Amino acid sequence: KMPQLHHLSPVGDDLSKWRFKLKNFDNDCDGGRNLNKDLKQLASKHGQDHLLMEAYFPPNYPAAPFFLRMVTPRCQWYTGHVTAGGSICIEVLTQTGSPHSWNSTMCFESIINTVMLNMLHCEVYQVQTATGPGGLAGPLRVDLNRRYCYNVMQEYSVFEAQSAFERMLSHHRANGW
């Protein structure tokens, strides 16, 4: 079962920037059940029962991939392929030139489906980084205990997301995917 995408709409009059909501993840897998529990708890404490995402389409789209980030809530670091700055870390959103990187024939819907699957179905392992604290990677979790933030509902800024995306690209250039 795929999560539900809701309220896909442009941000103001800017047709290059779109926001959408994701919720109702697959309860048949641990990652989906845990994320649904997190979102239920988020709704009871903060009134938001979904992930708010934003896609930015560059002027040369579809020759170049769109940039995808989480807006709210704040997530636990290293989970669900969401970087510490809120950008989405999957090779298909990069231009590495590998068979798994961006291809202009890919459509938005298929990339979003890939992102949603990667949020839930990912390897659990200990992360070591050059500059960060490291931690346990795995399926996406909301930072309800505020381990990595003061306010779980503080929006990830575009600058945070872009900076984290650049760090992620540097890491994968040096270490592979």
# chains A, B, ... in the order shown; residues from 1 in each chain; ligands from 1

$ closest_atom_pairs --of "stretch 32-151 of chain A" --to "stretch 3-18 of chain A" --cutoff "8 Å" --atoms "only C-alpha atoms" --output "tab-separated table"
residue	atom	partner	partner_atom	distance
A:Glu54	CA	A:Trp18	CA	5.6
A:Ala55	CA	A:Trp18	CA	5.3
A:Tyr56	CA	A:Lys17	CA	4.5
A:Phe57	CA	A:Ser16	CA	4.9
A:Pro58	CA	A:Ser16	CA	6.8
A:Pro59	CA	A:Ser16	CA	7.8
A:Met116	CA	A:Pro3	CA	7.3

$ select_by_dssp --residues "chain A" --states "strand (DSSP E)" --output "number ranges by chain"
A: 4-11, 14-23, 51-56, 67-72, 125-127, 135-137

$ write_last_selection --atoms "C-alpha atoms" --output "compact mmCIF listing (two decimals), in the first residue's frame"
# COMPACT_ATOMS: atom_id res chain seq x y z
CA GLN A 4 -1.44 9.02 0.16
CA LEU A 5 -0.27 12.21 -1.51
CA HIS A 6 -2.57 15.15 -0.70
CA HIS A 7 -2.90 18.81 -1.57
CA LEU A 8 -0.32 19.10 -4.35
CA SER A 9 -0.25 22.80 -5.16
CA PRO A 10 2.14 25.56 -6.23
CA VAL A 11 3.69 27.81 -3.60
CA ASP A 14 5.64 30.33 -8.36
CA LEU A 15 4.99 27.35 -10.65
CA SER A 16 8.54 26.10 -10.14
CA LYS A 17 7.86 25.34 -6.45
CA TRP A 18 5.17 22.87 -5.31
CA ARG A 19 4.17 21.60 -1.87
CA PHE A 20 2.34 18.41 -0.99
CA LYS A 21 1.44 16.26 2.00
CA LEU A 22 2.21 12.57 2.56
CA LYS A 23 0.39 10.42 5.09
CA LEU A 51 4.82 15.06 6.14
CA LEU A 52 4.89 18.40 4.33
CA MET A 53 7.22 18.20 1.32
CA GLU A 54 8.38 20.71 -1.30
CA ALA A 55 9.67 20.16 -4.83
CA TYR A 56 11.57 22.83 -6.74
CA PHE A 67 15.11 19.37 -5.74
CA LEU A 68 13.04 17.68 -3.05
CA ARG A 69 12.95 18.52 0.63
CA MET A 70 11.00 17.96 3.80
CA VAL A 71 9.41 21.17 5.12
CA THR A 72 7.93 19.82 8.38
CA TYR A 125 23.01 0.51 10.24
CA GLN A 126 25.33 2.72 12.27
CA VAL A 127 26.32 5.92 10.42
CA GLY A 135 23.77 7.67 14.59
CA LEU A 136 21.48 4.85 13.65
CA ALA A 137 20.10 4.93 10.10

$ residues_around --residues "stretch 139-156 of chain A" --least-positions-apart "5" --cutoff "8 Å" --atoms "only C-alpha atoms" --output "MDAnalysis selection string"
chainID A and resid 31 34:35 38:39 42 46 70:77 79:82 85:86 118:124 161

$ select_by_dssp --residues "stretch 91-156 of chain A" --states "helix (DSSP H, G or I)" --output "list of chain:residue names"
A:Glu91, A:Val92, A:Leu93, A:Phe108, A:Glu109, A:Ser110, A:Ile111, A:Ile112, A:Asn113, A:Thr114, A:Val115, A:Met116, A:Leu117, A:Asn118, A:Met119, A:Leu120

$ closest_residue --among "A:Leu117, A:Arg173, A:Phe165, A:Asn103" --to "A:Asp26" --atoms "only C-alpha atoms"
A:Leu117

$ decode --residues "stretch 41-98 of chain A" --atoms "C-alpha atoms" --output "PDB file, in the first residue's frame"
ATOM      1  CA  GLN A  41       1.489  11.585  18.039  1.00  0.00           C
ATOM      2  CA  LEU A  42       2.557  14.676  16.050  1.00  0.00           C
ATOM      3  CA  ALA A  43      -1.109  15.391  15.253  1.00  0.00           C
ATOM      4  CA  SER A  44      -2.162  15.122  18.899  1.00  0.00           C
ATOM      5  CA  LYS A  45       0.639  17.434  20.101  1.00  0.00           C
ATOM      6  CA  HIS A  46       1.028  19.829  17.147  1.00  0.00           C
ATOM      7  CA  GLY A  47      -2.026  19.404  14.881  1.00  0.00           C
ATOM      8  CA  GLN A  48      -0.137  18.009  11.844  1.00  0.00           C
ATOM      9  CA  ASP A  49      -0.816  14.425  10.717  1.00  0.00           C
ATOM     10  CA  HIS A  50       1.397  14.383   7.609  1.00  0.00           C
ATOM     11  CA  LEU A  51       4.818  15.056   6.139  1.00  0.00           C
ATOM     12  CA  LEU A  52       4.886  18.400   4.327  1.00  0.00           C
ATOM     13  CA  MET A  53       7.223  18.202   1.321  1.00  0.00           C
ATOM     14  CA  GLU A  54       8.378  20.711  -1.297  1.00  0.00           C
ATOM     15  CA  ALA A  55       9.666  20.160  -4.828  1.00  0.00           C
ATOM     16  CA  TYR A  56      11.569  22.833  -6.739  1.00  0.00           C
ATOM     17  CA  PHE A  57      11.764  22.453 -10.521  1.00  0.00           C
ATOM     18  CA  PRO A  58      14.789  24.191 -12.086  1.00  0.00           C
ATOM     19  CA  PRO A  59      14.396  26.149 -15.342  1.00  0.00           C
ATOM     20  CA  ASN A  60      16.087  23.306 -17.258  1.00  0.00           C
ATOM     21  CA  TYR A  61      13.744  20.585 -15.913  1.00  0.00           C
ATOM     22  CA  PRO A  62      13.425  17.798 -17.109  1.00  0.00           C
ATOM     23  CA  ALA A  63      17.047  17.895 -18.298  1.00  0.00           C
ATOM     24  CA  ALA A  64      17.997  18.355 -14.620  1.00  0.00           C
ATOM     25  CA  PRO A  65      16.247  16.778 -11.610  1.00  0.00           C
ATOM     26  CA  PHE A  66      13.941  18.640  -9.288  1.00  0.00           C
ATOM     27  CA  PHE A  67      15.112  19.369  -5.739  1.00  0.00           C
ATOM     28  CA  LEU A  68      13.043  17.682  -3.055  1.00  0.00           C
ATOM     29  CA  ARG A  69      12.955  18.521   0.629  1.00  0.00           C
ATOM     30  CA  MET A  70      10.996  17.964   3.797  1.00  0.00           C
ATOM     31  CA  VAL A  71       9.413  21.173   5.121  1.00  0.00           C
ATOM     32  CA  THR A  72       7.934  19.819   8.379  1.00  0.00           C
ATOM     33  CA  PRO A  73       8.177  17.991  10.719  1.00  0.00           C
ATOM     34  CA  ARG A  74      11.805  17.662  11.800  1.00  0.00           C
ATOM     35  CA  CYS A  75      13.031  14.085  11.441  1.00  0.00           C
ATOM     36  CA  GLN A  76      15.540  11.971  13.289  1.00  0.00           C
ATOM     37  CA  TRP A  77      18.875  12.238  11.540  1.00  0.00           C
ATOM     38  CA  TYR A  78      19.902   9.491   9.129  1.00  0.00           C
ATOM     39  CA  THR A  79      16.398   8.056   8.812  1.00  0.00           C
ATOM     40  CA  GLY A  80      14.316   7.531   5.691  1.00  0.00           C
ATOM     41  CA  HIS A  81      16.892   9.102   3.348  1.00  0.00           C
ATOM     42  CA  VAL A  82      16.089  12.570   4.765  1.00  0.00           C
ATOM     43  CA  THR A  83      19.309  14.505   5.436  1.00  0.00           C
ATOM     44  CA  ALA A  84      19.979  16.484   8.616  1.00  0.00           C
ATOM     45  CA  GLY A  85      18.925  19.587   6.642  1.00  0.00           C
ATOM     46  CA  GLY A  86      15.721  18.047   5.277  1.00  0.00           C
ATOM     47  CA  SER A  87      16.780  17.303   1.686  1.00  0.00           C
ATOM     48  CA  ILE A  88      16.050  13.900   0.181  1.00  0.00           C
ATOM     49  CA  CYS A  89      19.100  11.688  -0.287  1.00  0.00           C
ATOM     50  CA  ILE A  90      18.549   9.285  -3.169  1.00  0.00           C
ATOM     51  CA  GLU A  91      20.763   8.928  -6.220  1.00  0.00           C
ATOM     52  CA  VAL A  92      17.901   9.334  -8.692  1.00  0.00           C
ATOM     53  CA  LEU A  93      17.706  13.020  -7.687  1.00  0.00           C
ATOM     54  CA  THR A  94      21.356  13.592  -8.630  1.00  0.00           C
ATOM     55  CA  GLN A  95      23.279  13.915 -11.872  1.00  0.00           C
ATOM     56  CA  THR A  96      26.127  11.514 -11.080  1.00  0.00           C
ATOM     57  CA  GLY A  97      25.957   9.925 -14.523  1.00  0.00           C
ATOM     58  CA  SER A  98      25.407   6.441 -13.112  1.00  0.00           C
TER      59      SER A  98
END
